[in-house]
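Worksheet: one structure, shown below.
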Amino acid sequence: MLSKALLRLGASAARHPWRVIAAWLVAATLAVLAAVAFGGRTADSMTAPGLDSQRAAELIERAGTGQEGMTAQVVVTPLDGAATFFDHDGARTALTRLQIEVKRLPHVLGTSDPAGALDAGGDTAVRGGLVSADGRIAVIRVQYPDQSRLSAEDLDALVDLGDRLRAELPLRIEMGGNLFYAFSDPNGGASELIGILAAAAILFLAFGSLVAAALPIGMAVFGLTVGVTTMTVLAGFTDVPTFAPVLGSMVGLGVGIDYALFVLARHREYLARGLDPHEAAGRAVATAGRPVVFAGGTVVVSILGMAVANVPFMTVGGLAVSIVVLTMVLASVTLLPAFLGAAGPRLARAGRIGRALQTRKLGRLARRRDPAAGAAHAAGWRRWIGHVSRHPVLYAVGAAGLLLTATLPVLGLRVGLPDDGSLPHSRTERRAYDLVAEGFGPGTNGPLVIAADPNGDPGVLDRLVGAVAADPGIASVAPTHIDRATGIATLVVFPTTSPQDKATADTIARLRTDVLPTAIGHGPARAHVGGAAASLSDVGRRTSQRLPVFIAAVLAMSFLLLMLVFRSILVPLKAVLLNLLSIGAAYGIMVAVFQWGWGGALIGLEATVPIVSFIPMFLFAILFGLSMDYEVFLLSRVREEYLRTGDNGTAIVEGVSGTARIITSAALIMVAVFLSFAVADDPSTKMFGLGLATAIFIDATVVRMVLVPATMTLLGRANWWLPKWLDRMLPRGPVGTDDTDAESTGETPRPRLVDR
């Protein structure tokens, strides 16, 4: 059985700690070397098969116009605020030099020429969308080949050129475009450090020992090194999205430290009973390791289930994050018991600093959280759970009402992708965005590219241009480019609204369903709307359509697994519904913060933004898996007490109070880690951080400490009801609440349930 295998694995690692630690050091070294030799840089590819924007990209690629590739834009304005490009010869000369130097960069296919257009006449430059009507702002549009032929070095070369020329030219130079979006890595290093320091402080307060606090941190750092470098190797063979390393670090740190906390707490309990450190480590892995393996497996299966969305970058991103989670599970059952064996009996007591704290007022907190002296702490939780159990209806209705109220903003959920206008002003992309919007209108930051194949219809292009230009959502249409070999035409059109504006998505939908079909008629011609804004809108629509199917699949899987583990129908049904409530509340709070702006300034959000299209699905997958962690840990204890006493009320009070300290500490660690990412510059990282932190906080407080005891009290003995015919059909669960599991870990076997 799983428990016996974990017992042997944990005990062996504890007896031979330096062999295991050396093996992990070798694995980490090999992973780093492989990343250096074969690894690649992350890159975003917001495409998916079957989307209209993908069909447009395929037509553009056939035409070979170059517009299927990546783009960047260099936005400039004279440093002399009173000067314009119309009347300042020095600014125009500097603009010419800048355009020439940009064109010389590696892989640049071509650039626009605002200086040349100015020489041909100011009206020409303005009509071409290269210089603003007041002459203050000019744009050099840079065309690159397809993303597969580029790398982050191309972005670095452009940025380095801008840095050099800022010191040499009388121009303010800002840069943006989808080259930045594809190859700029979100900066999560500072957030990781903040999260680790916060987790270390919580662990020290929980155990009163620097050694005990250091072990989970050390294990998580080892696991994170192996997991993230493996992700880098994966990026050498396929496009790994830029959010994957940040999300992997966030989730990896959270689950890694949490899993280590569960095993370490059980290990210290066994040490307090007088067991040998090696035996204590083995039993800790056999008992606490089972929920860790189960919870980690649930996270991985949930994340990989996002493949149902049929969006390749989400599937690859989920695979990359799953690698980190699996690494943390493996480290929890091998590397951690090796650390425990190396530490020996020192973990049974608080260190000198912890004992010093215990002589002060703050020390009482550390003492109460010491597993070897936690009776007073458990008594406090016992009183609280007993109080909730005596008033179950009041607390169940009140807590459920609170969470439902927090969920209400979900009705206004709008998916999209925050554009550069949501970045802080310290980023050049944001400053370029603002200059373009000021000089040319907000829609210029998100042009649409209409690809049309006339298929022998000679008048269709004129009809298309006229119909598109007449649409109220279109500000202007650039001159049509026709490929002579294929006859395919491309129209670059500029909406009147910004890329993240809902009106832009409405314009895209109107072009596809009304404007283009009317212009084409029933002839052989066909046309598709592409461009970055259209691609992001399409991906958002697809994920929204597939989200209900994904949620239903994850809920069904979780129900079946929990029914298998706890031999009950109502317990897993209740768990699924309560988890759904906590995740819904987290969604609602995200909408209130990011779409409505409530408290956005607290996390550095400078403008309201839509919810990133792929984040709700990612969050659901991760959070449902993480919530299973607490669910299994808590309900395993409740079931053990019920098996021991046969009394539902006693089982609830003893089981919940007995796990409250660990769940609270684990939740505090996860919330601290996730919140540290909520202050990052990138809005997507902020959403992941705040969404995960909010859901974990709600799950560990309102759900686990209020709704679970209240609803289980109301259900009574029905909690553990399972029809006899179904009990005979189900195999024994992987977490191991059976007698055989108790025997394999040296525990006293408990009687089986008879009230089925």
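Identifiers for the structure tokens are assigned positionally: chains receive A, B, ... in sequence, residues are indexed from 1 per chain, and ligands are indexed from 1 in the order shown.
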Open item on the list: Can you tell me which residues surround segment 119-132 of chain A at a distance of at most 10 Å, considering only C-alpha atoms, apart from same-chain residues fewer than 3 positions away, and format the answer as number ranges by chain?
Closed with: A: 75-77, 84-86, 92, 112-116, 135-141, 435-436, 438-441, 444, 476-479
Residues of the last selection are to be written out with C-alpha atoms, as a PDB file, in the first residue's frame.
```pdb
ATOM      1  CA  VAL A  75       7.547  56.394 -29.765  1.00  0.00           C
ATOM      2  CA  VAL A  76       9.399  59.701 -29.602  1.00  0.00           C
ATOM      3  CA  THR A  77       8.766  63.318 -28.739  1.00  0.00           C
ATOM      4  CA  THR A  84       7.429  69.900 -32.901  1.00  0.00           C
ATOM      5  CA  PHE A  85       8.733  67.704 -35.680  1.00  0.00           C
ATOM      6  CA  PHE A  86       7.187  70.158 -38.157  1.00  0.00           C
ATOM      7  CA  ARG A  92      13.770  65.676 -37.320  1.00  0.00           C
ATOM      8  CA  SER A 112       8.044  52.917 -40.927  1.00  0.00           C
ATOM      9  CA  ASP A 113       9.730  56.192 -41.897  1.00  0.00           C
ATOM     10  CA  PRO A 114       8.128  59.175 -40.152  1.00  0.00           C
ATOM     11  CA  ALA A 115      11.072  61.434 -40.992  1.00  0.00           C
ATOM     12  CA  GLY A 116      10.747  60.599 -44.696  1.00  0.00           C
ATOM     13  CA  GLY A 135       3.552  67.383 -34.688  1.00  0.00           C
ATOM     14  CA  ARG A 136       4.744  66.525 -31.173  1.00  0.00           C
ATOM     15  CA  ILE A 137       4.694  62.713 -31.279  1.00  0.00           C
ATOM     16  CA  ALA A 138       6.150  60.356 -33.895  1.00  0.00           C
ATOM     17  CA  VAL A 139       5.995  56.564 -34.118  1.00  0.00           C
ATOM     18  CA  ILE A 140       8.503  54.221 -35.737  1.00  0.00           C
ATOM     19  CA  ARG A 141       6.768  50.888 -36.300  1.00  0.00           C
ATOM     20  CA  LEU A 435       2.135  58.905 -25.781  1.00  0.00           C
ATOM     21  CA  VAL A 436       0.464  56.961 -28.618  1.00  0.00           C
ATOM     22  CA  GLU A 438      -2.365  61.075 -26.578  1.00  0.00           C
ATOM     23  CA  GLY A 439      -1.159  61.660 -30.130  1.00  0.00           C
ATOM     24  CA  PHE A 440      -3.212  59.247 -32.213  1.00  0.00           C
ATOM     25  CA  GLY A 441      -6.109  57.987 -30.111  1.00  0.00           C
ATOM     26  CA  THR A 444      -3.873  52.984 -32.183  1.00  0.00           C
ATOM     27  CA  SER A 476      -9.200  54.881 -39.499  1.00  0.00           C
ATOM     28  CA  VAL A 477      -8.091  52.348 -42.099  1.00  0.00           C
ATOM     29  CA  ALA A 478      -4.507  52.214 -43.371  1.00  0.00           C
ATOM     30  CA  PRO A 479      -3.852  51.698 -47.102  1.00  0.00           C
TER      31      PRO A 479
END
```
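Excluding Thr608 of chain A and any residue on its chain fewer than 4 positions from it, the residues at most 6 Å away by only C-alpha atoms are Phe594, Gln595 and Gly597 of chain A.
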I need the chosen residues saved as a PDB file, in the first residue's frame, with C-alpha atoms.
```pdb
ATOM      1  CA  PHE A 594      -9.330  44.806 -10.620  1.00  0.00           C
ATOM      2  CA  GLN A 595     -12.486  45.766 -12.543  1.00  0.00           C
ATOM      3  CA  GLY A 597     -10.851  49.449  -8.494  1.00  0.00           C
TER       4      GLY A 597
END
```
message: Give me, as number ranges by chain, all polymer residues having an atom no more than 6 Å from segment 693-701 of chain A, counting only C-alpha atoms and skipping those fewer than 3 positions away in the same chain.
response: A: 582-583, 586, 671, 674-675, 690, 704-705
Residues within 12 Å of Ser332 of chain A, please, as a count of residues only. Count only C-alpha atoms; anything in the same chain fewer than 6 positions from it doesn't count.
41
Nearest to Arg717 of chain A, restricted to only C-alpha atoms and choosing among A:Val571, A:Ile662, A:Ala399, A:Ser676, comes out as A:Val571
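With atom CA of Asp483 of chain A on one side and atom CA of Val529 of chain A on the other, the separation reads 17.4 Å.
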DSSP on the backbone, then: every residue of segment 446-681 of chain A marked strand (DSSP E or B), written as a ChimeraX atom specification. /A:448-453,474-477,481-482,489-495,526-530,611-612
Written file, previous selection with N, CA and C atoms, as an mmCIF file, in the first residue's frame:
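The result, stored in part_27.cif:
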```cif
data_model
loop_
_atom_site.group_PDB
_atom_site.id
_atom_site.type_symbol
_atom_site.label_atom_id
_atom_site.label_comp_id
_atom_site.auth_asym_id
_atom_site.auth_seq_id
_atom_site.Cartn_x
_atom_site.Cartn_y
_atom_site.Cartn_z
ATOM 1 N N LEU A 448 -6.202 46.303 -35.504
ATOM 2 C CA LEU A 448 -6.713 45.033 -36.003
ATOM 3 C C LEU A 448 -6.181 44.821 -37.417
ATOM 4 N N VAL A 449 -5.957 43.573 -37.776
ATOM 5 C CA VAL A 449 -5.476 43.251 -39.120
ATOM 6 C C VAL A 449 -6.511 42.346 -39.777
ATOM 7 N N ILE A 450 -7.145 42.849 -40.807
ATOM 8 C CA ILE A 450 -8.140 42.069 -41.543
ATOM 9 C C ILE A 450 -7.453 41.447 -42.755
ATOM 10 N N ALA A 451 -7.484 40.138 -42.818
ATOM 11 C CA ALA A 451 -6.904 39.410 -43.953
ATOM 12 C C ALA A 451 -8.042 38.938 -44.844
ATOM 13 N N ALA A 452 -7.944 39.264 -46.144
ATOM 14 C CA ALA A 452 -9.024 38.930 -47.076
ATOM 15 C C ALA A 452 -8.463 38.215 -48.298
ATOM 16 N N ASP A 453 -9.143 37.166 -48.696
ATOM 17 C CA ASP A 453 -8.796 36.427 -49.917
ATOM 18 C C ASP A 453 -9.950 36.622 -50.901
ATOM 19 N N ILE A 474 -14.551 52.038 -35.747
ATOM 20 C CA ILE A 474 -13.268 52.138 -36.444
ATOM 21 C C ILE A 474 -12.931 53.612 -36.656
ATOM 22 N N ALA A 475 -11.720 53.985 -36.201
ATOM 23 C CA ALA A 475 -11.281 55.379 -36.343
ATOM 24 C C ALA A 475 -10.668 55.632 -37.710
ATOM 25 N N SER A 476 -9.861 54.685 -38.201
ATOM 26 C CA SER A 476 -9.200 54.881 -39.499
ATOM 27 C C SER A 476 -8.781 53.541 -40.075
ATOM 28 N N VAL A 477 -8.536 53.542 -41.394
ATOM 29 C CA VAL A 477 -8.091 52.348 -42.099
ATOM 30 C C VAL A 477 -6.830 52.702 -42.878
ATOM 31 N N HIS A 481 -2.794 46.544 -48.409
ATOM 32 C CA HIS A 481 -1.624 45.894 -49.008
ATOM 33 C C HIS A 481 -2.086 44.605 -49.672
ATOM 34 N N ILE A 482 -1.780 44.460 -50.980
ATOM 35 C CA ILE A 482 -2.211 43.275 -51.731
ATOM 36 C C ILE A 482 -0.976 42.514 -52.201
ATOM 37 N N ALA A 489 -5.178 40.190 -49.444
ATOM 38 C CA ALA A 489 -5.056 41.583 -49.031
ATOM 39 C C ALA A 489 -5.080 41.684 -47.514
ATOM 40 N N THR A 490 -4.337 42.637 -47.003
ATOM 41 C CA THR A 490 -4.353 42.896 -45.561
ATOM 42 C C THR A 490 -4.717 44.356 -45.327
ATOM 43 N N LEU A 491 -5.645 44.560 -44.398
ATOM 44 C CA LEU A 491 -6.084 45.894 -44.016
ATOM 45 C C LEU A 491 -5.764 46.096 -42.541
ATOM 46 N N VAL A 492 -4.970 47.096 -42.235
ATOM 47 C CA VAL A 492 -4.708 47.441 -40.845
ATOM 48 C C VAL A 492 -5.698 48.541 -40.460
ATOM 49 N N VAL A 493 -6.532 48.255 -39.463
ATOM 50 C CA VAL A 493 -7.570 49.210 -39.053
ATOM 51 C C VAL A 493 -7.381 49.542 -37.579
ATOM 52 N N PHE A 494 -7.742 50.771 -37.218
ATOM 53 C CA PHE A 494 -7.533 51.245 -35.853
ATOM 54 C C PHE A 494 -8.884 51.522 -35.203
ATOM 55 N N PRO A 495 -9.199 50.805 -34.151
ATOM 56 C CA PRO A 495 -10.475 51.048 -33.446
ATOM 57 C C PRO A 495 -10.468 52.422 -32.768
ATOM 58 N N ARG A 526 -13.393 35.453 -48.802
ATOM 59 C CA ARG A 526 -13.465 35.257 -47.358
ATOM 60 C C ARG A 526 -12.524 36.234 -46.671
ATOM 61 N N ALA A 527 -12.886 36.606 -45.442
ATOM 62 C CA ALA A 527 -12.088 37.573 -44.684
ATOM 63 C C ALA A 527 -12.144 37.220 -43.202
ATOM 64 N N HIS A 528 -11.044 37.464 -42.528
ATOM 65 C CA HIS A 528 -10.936 37.155 -41.101
ATOM 66 C C HIS A 528 -10.272 38.322 -40.384
ATOM 67 N N VAL A 529 -10.650 38.503 -39.121
ATOM 68 C CA VAL A 529 -10.107 39.591 -38.308
ATOM 69 C C VAL A 529 -9.028 39.037 -37.395
ATOM 70 N N GLY A 530 -7.822 39.581 -37.516
ATOM 71 C CA GLY A 530 -6.707 39.146 -36.687
ATOM 72 C C GLY A 530 -6.057 40.307 -35.973
ATOM 73 N N ILE A 611 -10.295 41.005 -16.068
ATOM 74 C CA ILE A 611 -9.630 39.804 -15.560
ATOM 75 C C ILE A 611 -8.978 39.069 -16.732
ATOM 76 N N VAL A 612 -7.711 38.742 -16.585
ATOM 77 C CA VAL A 612 -6.989 38.057 -17.661
ATOM 78 C C VAL A 612 -7.723 36.770 -18.018
#
```
### Query
Hey, which of A:Ala57, A:Ala157, A:Leu210, A:Ala63 ends up closest to Arg104 of chain A? Count only C-alpha atoms.
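Ranking A:Ala57, A:Ala157, A:Leu210, A:Ala63 by distance to Arg104 of chain A, first place goes to A:Ala157.
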Test item, alpha helix (DSSP H) assignment across segment 662-725 of chain A, answer as a PyMOL selection string: chain A and resi 662-677+683-698+708-715+724-725
Find the residue from A:Ile202, A:Leu7, A:Lys574, A:Trp24 that sits nearest to Leu668 of chain A; use only C-alpha atoms when measuring.
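The answer is A:Ile202, which sits nearest to Leu668 of chain A.
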